[in-house]
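Here's the structure, in structure tokens; my notes come after.
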Amino acid sequence: MKEFRGHPLVAYAIDAALRSEIFVDVIVSTDSAAYREIALAYGASVPFLRPEEISKDASPDIGWVRHALLALRARGDLPDAFAILRPTNPFRSPETIRRAWRQFVEDGKANSLRAIEKCSQHPAKMWHVKGSRMTPVMENPEKQATPWHSSQYVSLPPVYAQNASLEIAWTSVPLDRGTIAGDEIMPFLSEGYEGFDLNEPTDWMIAEQLAESGTATVPDLQRRLVR
């Protein structure tokens, strides 16, 4: 709900979802009546409030995803698929969502799709620390070769990190398997800043600079504000 360029972050997720025009409904899952009013003001649906016990900082996603899908099924509105658009990304666009949906449908066999980007900090240069010693998280299997932790990034095997852009899955996956991803997960390579995630104060500084310079764009949300 922290504001970015005059609007709460969640508003940009709602706006991108609505303008993608691929959803039968855009729902905000929250346990807060105050957040519900903000979501409604920007055009989302909030047909239920989720229980406090699945809304804690460390609550896994599967809890609120299943809660939402079971509530929709109970009222006869269960869709065949769903997307998670996390509210910490203001640069995700409607075309981002449409592109991901096209790829997911065209694949036809994946349980889910998840946005990823090439990692900036390679795990081969990360360490497990035990007492006064440490061991690398990833090791070069060629024992006589240069250790990966002493190698240049460009020589390391490609590794990707998930980002805040989106996730898509068939509704049967969390309802029948108890997971939001399933076993067959397809990659969605995000482009530019469409996976940029705002969590730390430095992220906000960078995002403001990106938006101010026009390097990344956000929509004018005044036209959607109905309160």
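Order determines the names: the first chain of the structure tokens is A, the second B, and so forth; residues in each chain are numbered 1 upward, and ligands are numbered 1 upward as they are shown.
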
> If we count only C-alpha atoms, what is near His7 in chain A at a cut-off of 12 Å, once residues fewer than 2 positions away on the same chain are taken out, given as number ranges by chain?
Replying inline: A: 1-5, 9-15, 38-39, 41-42, 87, 90, 218-222, 224-225

Export of prior selection with C-alpha atoms as an mmCIF file, in the first residue's frame:
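Okay, selection.cif is ready:
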```cif
data_model
loop_
_atom_site.group_PDB
_atom_site.id
_atom_site.type_symbol
_atom_site.label_atom_id
_atom_site.label_comp_id
_atom_site.auth_asym_id
_atom_site.auth_seq_id
_atom_site.Cartn_x
_atom_site.Cartn_y
_atom_site.Cartn_z
ATOM 1 C CA MET A 1 0.000 0.000 0.000
ATOM 2 C CA LYS A 2 3.044 2.282 0.065
ATOM 3 C CA GLU A 3 2.559 4.953 -2.576
ATOM 4 C CA PHE A 4 4.681 5.130 -5.703
ATOM 5 C CA ARG A 5 4.270 8.309 -7.774
ATOM 6 C CA LEU A 9 1.704 -0.055 -5.505
ATOM 7 C CA VAL A 10 -1.229 -2.457 -5.643
ATOM 8 C CA ALA A 11 -3.027 -0.032 -7.979
ATOM 9 C CA TYR A 12 -0.477 -0.665 -10.732
ATOM 10 C CA ALA A 13 -0.998 -4.428 -10.503
ATOM 11 C CA ILE A 14 -4.776 -3.948 -10.675
ATOM 12 C CA ASP A 15 -4.512 -1.552 -13.616
ATOM 13 C CA ILE A 38 -8.374 0.875 -1.703
ATOM 14 C CA ALA A 39 -8.495 -2.127 -4.048
ATOM 15 C CA ALA A 41 -11.371 2.180 -5.585
ATOM 16 C CA TYR A 42 -8.950 1.138 -8.325
ATOM 17 C CA PRO A 87 1.815 -5.762 -5.897
ATOM 18 C CA PRO A 90 4.828 -1.104 -10.862
ATOM 19 C CA VAL A 218 3.917 3.644 -15.322
ATOM 20 C CA PRO A 219 0.363 4.518 -16.413
ATOM 21 C CA ASP A 220 -1.602 7.566 -15.353
ATOM 22 C CA LEU A 221 -4.016 5.979 -12.913
ATOM 23 C CA GLN A 222 -6.256 8.995 -12.350
ATOM 24 C CA ARG A 224 -9.314 4.553 -13.061
ATOM 25 C CA LEU A 225 -9.684 6.067 -9.616
#
```

>> Based on the backbone DSSP call, show me all residues of chain A assigned alpha helix (DSSP H), as an NGL selection string.
In response: :A and (9-20 or 33-41 or 61-74 or 94-107 or 172 or 201-213)

Could you save those same residues with C-alpha atoms as a CSV table (one decimal), in the first residue's frame?
```
chain,number,residue,atom,x,y,z
A,9,LEU,CA,1.7,-0.1,-5.5
A,10,VAL,CA,-1.2,-2.5,-5.6
A,11,ALA,CA,-3.0,0.0,-8.0
A,12,TYR,CA,-0.5,-0.7,-10.7
A,13,ALA,CA,-1.0,-4.4,-10.5
A,14,ILE,CA,-4.8,-3.9,-10.7
A,15,ASP,CA,-4.5,-1.6,-13.6
A,16,ALA,CA,-2.2,-3.8,-15.6
A,17,ALA,CA,-4.5,-6.8,-15.0
A,18,LEU,CA,-7.6,-4.9,-16.1
A,19,ARG,CA,-6.0,-3.5,-19.2
A,20,SER,CA,-4.7,-6.9,-20.2
A,33,ALA,CA,-10.9,-4.0,5.4
A,34,ALA,CA,-9.0,-0.8,4.7
A,35,TYR,CA,-6.9,-2.4,1.9
A,36,ARG,CA,-10.2,-3.8,0.5
A,37,GLU,CA,-11.5,-0.2,0.1
A,38,ILE,CA,-8.4,0.9,-1.7
A,39,ALA,CA,-8.5,-2.1,-4.0
A,40,LEU,CA,-12.2,-1.5,-4.9
A,41,ALA,CA,-11.4,2.2,-5.6
A,61,ASP,CA,1.3,-18.6,-0.8
A,62,ILE,CA,-0.6,-21.8,-1.1
A,63,GLY,CA,-2.8,-20.9,1.9
A,64,TRP,CA,-4.3,-17.7,0.5
A,65,VAL,CA,-4.4,-19.1,-3.1
A,66,ARG,CA,-6.4,-22.1,-2.0
A,67,HIS,CA,-8.6,-19.9,0.1
A,68,ALA,CA,-9.4,-17.7,-2.9
A,69,LEU,CA,-10.0,-20.6,-5.3
A,70,LEU,CA,-12.2,-22.5,-2.8
A,71,ALA,CA,-14.3,-19.4,-2.2
A,72,LEU,CA,-14.8,-18.9,-6.0
A,73,ARG,CA,-15.7,-22.6,-6.4
A,74,ALA,CA,-18.2,-22.3,-3.6
A,94,PRO,CA,-0.7,-5.4,-19.8
A,95,GLU,CA,1.4,-6.8,-22.7
A,96,THR,CA,3.6,-8.6,-20.1
A,97,ILE,CA,0.6,-10.4,-18.9
A,98,ARG,CA,-0.8,-11.1,-22.4
A,99,ARG,CA,2.6,-12.4,-23.6
A,100,ALA,CA,2.9,-14.8,-20.6
A,101,TRP,CA,-0.6,-16.1,-21.1
A,102,ARG,CA,0.0,-16.8,-24.8
A,103,GLN,CA,3.2,-18.7,-24.0
A,104,PHE,CA,1.5,-20.7,-21.3
A,105,VAL,CA,-1.5,-21.7,-23.5
A,106,GLU,CA,0.7,-22.5,-26.5
A,107,ASP,CA,2.9,-24.8,-24.4
A,172,SER,CA,-6.5,-27.7,-10.6
A,201,PRO,CA,14.6,1.6,0.2
A,202,THR,CA,17.2,1.4,-2.5
A,203,ASP,CA,14.7,-0.3,-4.8
A,204,TRP,CA,12.3,2.7,-4.4
A,205,MET,CA,15.1,5.2,-5.2
A,206,ILE,CA,16.0,3.3,-8.4
A,207,ALA,CA,12.3,2.9,-9.4
A,208,GLU,CA,11.8,6.7,-9.0
A,209,GLN,CA,14.8,7.4,-11.2
A,210,LEU,CA,13.6,4.9,-13.8
A,211,ALA,CA,10.1,6.5,-13.9
A,212,GLU,CA,11.4,10.1,-13.8
A,213,SER,CA,13.8,9.5,-16.7
```

> Hey, what's within 9 Å of Glu139 in chain A if we count only C-alpha atoms and toss same-chain stuff fewer than 5 positions away? As a list in words, please?
Replying inline: Ala124, Pro147, Trp148 and His149 of chain A

> Which residues, written as a ChimeraX atom specification, have at least one atom at most 10 Å from Ile84 in chain A, with only C-alpha atoms counted and residues fewer than 4 positions away on the same chain left out?
Replying inline: /A:13,27-28,61,65,114,164-169,180

Please dump the current selection as a short mmCIF file (atom, residue, chain, number, x, y, z; two decimals), in the first residue's frame; keep C-alpha atoms.
```
data_model
loop_
_atom_site.label_atom_id
_atom_site.label_comp_id
_atom_site.auth_asym_id
_atom_site.auth_seq_id
_atom_site.Cartn_x
_atom_site.Cartn_y
_atom_site.Cartn_z
CA ALA A 13 -1.00 -4.43 -10.50
CA ILE A 27 -9.33 -10.07 -7.27
CA VAL A 28 -7.28 -8.68 -4.42
CA ASP A 61 1.28 -18.57 -0.78
CA VAL A 65 -4.38 -19.10 -3.10
CA ARG A 114 6.80 -18.39 -13.55
CA ALA A 164 7.86 -10.23 -9.12
CA SER A 165 6.38 -10.08 -12.62
CA LEU A 166 3.81 -12.89 -12.52
CA GLU A 167 2.91 -16.53 -12.09
CA ILE A 168 0.21 -18.46 -13.96
CA ALA A 169 -1.20 -21.92 -13.20
CA ILE A 180 0.82 -23.34 -6.63
#
```

> With distances taken over only C-alpha atoms, which of A:Pro47, A:Val137, A:Ala81, A:Thr217 is nearest to Leu175 in chain A?
Replying inline: A:Ala81

> Of the candidates A:Arg133, A:Phe82, A:Phe48, A:Gly6, which one gets nearest to Phe23 in chain A if we count only C-alpha atoms?
Replying inline: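 Under the stated criterion, the closest residue is A:Phe82.
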
> Got a sec: who's within 10 Å of Ser120 in chain A, counting only C-alpha atoms, leaving out chain neighbours fewer than 4 positions off, as a list of chain:residue names?
Replying inline: A:Tyr153, A:Val159, A:Tyr160, A:Ala161

> From the list A:Ala115, A:Ile22, A:Ala216, A:Val129, which residue is nearest Phe188 in chain A when using only C-alpha atoms?
Replying inline: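 Closest candidate: A:Ala115.
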
Contacts of Pro187 in chain A within 9 Å, only C-alpha atoms, excl. fewer than 2 positions in-chain, as an mmCIF file with N, CA and C atoms, in the first residue's frame:
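Just written: around_21.cif:
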```
data_model
loop_
_atom_site.group_PDB
_atom_site.id
_atom_site.type_symbol
_atom_site.label_atom_id
_atom_site.label_comp_id
_atom_site.auth_asym_id
_atom_site.auth_seq_id
_atom_site.Cartn_x
_atom_site.Cartn_y
_atom_site.Cartn_z
ATOM 1 N N SER A 112 2.347 -24.889 -14.686
ATOM 2 C CA SER A 112 2.397 -23.477 -14.328
ATOM 3 C C SER A 112 3.508 -22.778 -15.096
ATOM 4 N N LEU A 113 3.489 -21.464 -15.010
ATOM 5 C CA LEU A 113 4.499 -20.597 -15.613
ATOM 6 C C LEU A 113 4.963 -19.631 -14.541
ATOM 7 N N ARG A 114 6.266 -19.316 -14.555
ATOM 8 C CA ARG A 114 6.803 -18.392 -13.553
ATOM 9 C C ARG A 114 7.810 -17.463 -14.216
ATOM 10 N N ALA A 115 7.707 -16.177 -13.926
ATOM 11 C CA ALA A 115 8.620 -15.193 -14.505
ATOM 12 C C ALA A 115 9.999 -15.294 -13.872
ATOM 13 N N ILE A 116 11.020 -15.244 -14.705
ATOM 14 C CA ILE A 116 12.401 -15.326 -14.245
ATOM 15 C C ILE A 116 13.261 -14.314 -14.992
ATOM 16 N N ILE A 185 6.973 -26.835 -14.585
ATOM 17 C CA ILE A 185 6.976 -25.372 -14.508
ATOM 18 C C ILE A 185 7.715 -24.815 -15.716
ATOM 19 N N LEU A 189 10.653 -15.536 -19.517
ATOM 20 C CA LEU A 189 11.770 -14.606 -19.408
ATOM 21 C C LEU A 189 11.250 -13.174 -19.479
#
```

> Skipping near chain neighbours, those fewer than 5 positions away, what residues fall within 9 Å of range 55-59 of chain A using only C-alpha atoms, listed as a PyMOL selection string?
Replying inline: chain A and resi 30-31+50+64

Filtering to C-alpha atoms, could you give me those residues as a CSV table (one decimal), in the first residue's frame?
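Result file again.csv:
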```
chain,number,residue,atom,x,y,z
A,30,THR,CA,-6.4,-9.4,1.8
A,31,ASP,CA,-7.3,-9.6,5.4
A,50,ARG,CA,-9.0,-13.9,4.1
A,64,TRP,CA,-4.3,-17.7,0.5
```

> So which residues of range 17-211 of chain A fall under strand (DSSP E) by DSSP, listed as a PyMOL selection string?
Replying inline: chain A and resi 81-84+112-118+127-130+133-136+160-170+185-189

Writer output for current selection, N, CA and C atoms, as a tab-separated table (two decimals), in the first residue's frame:
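Below is the file part26.tsv, written as the result:
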```
chain	number	residue	atom	x	y	z
A	81	ALA	N	-7.94	-21.20	-14.95
A	81	ALA	CA	-6.56	-20.82	-14.64
A	81	ALA	C	-6.57	-19.53	-13.83
A	82	PHE	N	-5.44	-19.23	-13.21
A	82	PHE	CA	-5.31	-18.00	-12.45
A	82	PHE	C	-3.89	-17.46	-12.61
A	83	ALA	N	-3.73	-16.19	-12.33
A	83	ALA	CA	-2.40	-15.57	-12.32
A	83	ALA	C	-2.21	-14.86	-10.99
A	84	ILE	N	-0.98	-14.87	-10.50
A	84	ILE	CA	-0.62	-14.09	-9.32
A	84	ILE	C	0.20	-12.89	-9.80
A	112	SER	N	2.35	-24.89	-14.69
A	112	SER	CA	2.40	-23.48	-14.33
A	112	SER	C	3.51	-22.78	-15.10
A	113	LEU	N	3.49	-21.46	-15.01
A	113	LEU	CA	4.50	-20.60	-15.61
A	113	LEU	C	4.96	-19.63	-14.54
A	114	ARG	N	6.27	-19.32	-14.55
A	114	ARG	CA	6.80	-18.39	-13.55
A	114	ARG	C	7.81	-17.46	-14.22
A	115	ALA	N	7.71	-16.18	-13.93
A	115	ALA	CA	8.62	-15.19	-14.50
A	115	ALA	C	10.00	-15.29	-13.87
A	116	ILE	N	11.02	-15.24	-14.71
A	116	ILE	CA	12.40	-15.33	-14.25
A	116	ILE	C	13.26	-14.31	-14.99
A	117	GLU	N	14.44	-14.06	-14.46
A	117	GLU	CA	15.43	-13.23	-15.12
A	117	GLU	C	16.80	-13.77	-14.77
A	118	LYS	N	17.78	-13.49	-15.61
A	118	LYS	CA	19.14	-13.95	-15.32
A	118	LYS	C	19.62	-13.31	-14.03
A	127	TRP	N	28.05	-18.61	-0.38
A	127	TRP	CA	28.70	-19.53	0.55
A	127	TRP	C	27.79	-19.97	1.69
A	128	HIS	N	27.99	-21.21	2.13
A	128	HIS	CA	27.45	-21.69	3.40
A	128	HIS	C	28.51	-21.44	4.47
A	129	VAL	N	28.10	-20.84	5.59
A	129	VAL	CA	29.04	-20.57	6.67
A	129	VAL	C	28.72	-21.47	7.86
A	130	LYS	N	29.73	-22.20	8.31
A	130	LYS	CA	29.61	-23.04	9.50
A	130	LYS	C	30.77	-22.71	10.43
A	133	ARG	N	34.46	-21.54	9.22
A	133	ARG	CA	34.78	-21.99	7.87
A	133	ARG	C	33.56	-21.81	6.97
A	134	MET	N	33.81	-21.85	5.66
A	134	MET	CA	32.70	-21.77	4.71
A	134	MET	C	32.95	-22.64	3.50
A	135	THR	N	31.85	-23.07	2.87
A	135	THR	CA	31.92	-23.89	1.67
A	135	THR	C	31.01	-23.28	0.61
A	136	PRO	N	31.36	-23.41	-0.67
A	136	PRO	CA	30.56	-22.79	-1.72
A	136	PRO	C	29.20	-23.46	-1.88
A	160	TYR	N	18.99	-18.59	-13.31
A	160	TYR	CA	17.93	-17.60	-13.35
A	160	TYR	C	17.24	-17.49	-11.99
A	161	ALA	N	16.79	-16.28	-11.66
A	161	ALA	CA	16.06	-16.03	-10.42
A	161	ALA	C	14.63	-15.65	-10.75
A	162	GLN	N	13.68	-16.12	-9.95
A	162	GLN	CA	12.30	-15.71	-10.16
A	162	GLN	C	12.17	-14.26	-9.74
A	163	ASN	N	11.23	-13.54	-10.37
A	163	ASN	CA	11.02	-12.14	-10.01
A	163	ASN	C	9.53	-11.87	-9.75
A	164	ALA	N	9.20	-10.61	-9.57
A	164	ALA	CA	7.86	-10.23	-9.12
A	164	ALA	C	6.88	-10.01	-10.26
A	165	SER	N	7.25	-10.39	-11.49
A	165	SER	CA	6.38	-10.08	-12.62
A	165	SER	C	5.05	-10.81	-12.53
A	166	LEU	N	5.07	-12.15	-12.59
A	166	LEU	CA	3.81	-12.89	-12.52
A	166	LEU	C	4.05	-14.38	-12.41
A	167	GLU	N	2.98	-15.07	-12.05
A	167	GLU	CA	2.91	-16.53	-12.09
A	167	GLU	C	1.53	-16.89	-12.66
A	168	ILE	N	1.47	-17.97	-13.42
A	168	ILE	CA	0.21	-18.46	-13.96
A	168	ILE	C	0.15	-19.96	-13.71
A	169	ALA	N	-1.04	-20.47	-13.38
A	169	ALA	CA	-1.20	-21.92	-13.20
A	169	ALA	C	-2.65	-22.29	-13.45
A	170	TRP	N	-2.86	-23.56	-13.74
A	170	TRP	CA	-4.22	-24.10	-13.82
A	170	TRP	C	-4.76	-24.21	-12.41
A	185	ILE	N	6.97	-26.84	-14.58
A	185	ILE	CA	6.98	-25.37	-14.51
A	185	ILE	C	7.71	-24.81	-15.72
A	186	MET	N	7.06	-23.95	-16.46
A	186	MET	CA	7.72	-23.38	-17.64
A	186	MET	C	8.25	-21.98	-17.33
A	187	PRO	N	9.39	-21.61	-17.92
A	187	PRO	CA	9.97	-20.29	-17.66
A	187	PRO	C	9.32	-19.22	-18.52
A	188	PHE	N	9.21	-18.04	-17.95
A	188	PHE	CA	8.80	-16.85	-18.69
A	188	PHE	C	9.88	-15.81	-18.48
A	189	LEU	N	10.65	-15.54	-19.52
A	189	LEU	CA	11.77	-14.61	-19.41
A	189	LEU	C	11.25	-13.17	-19.48
```
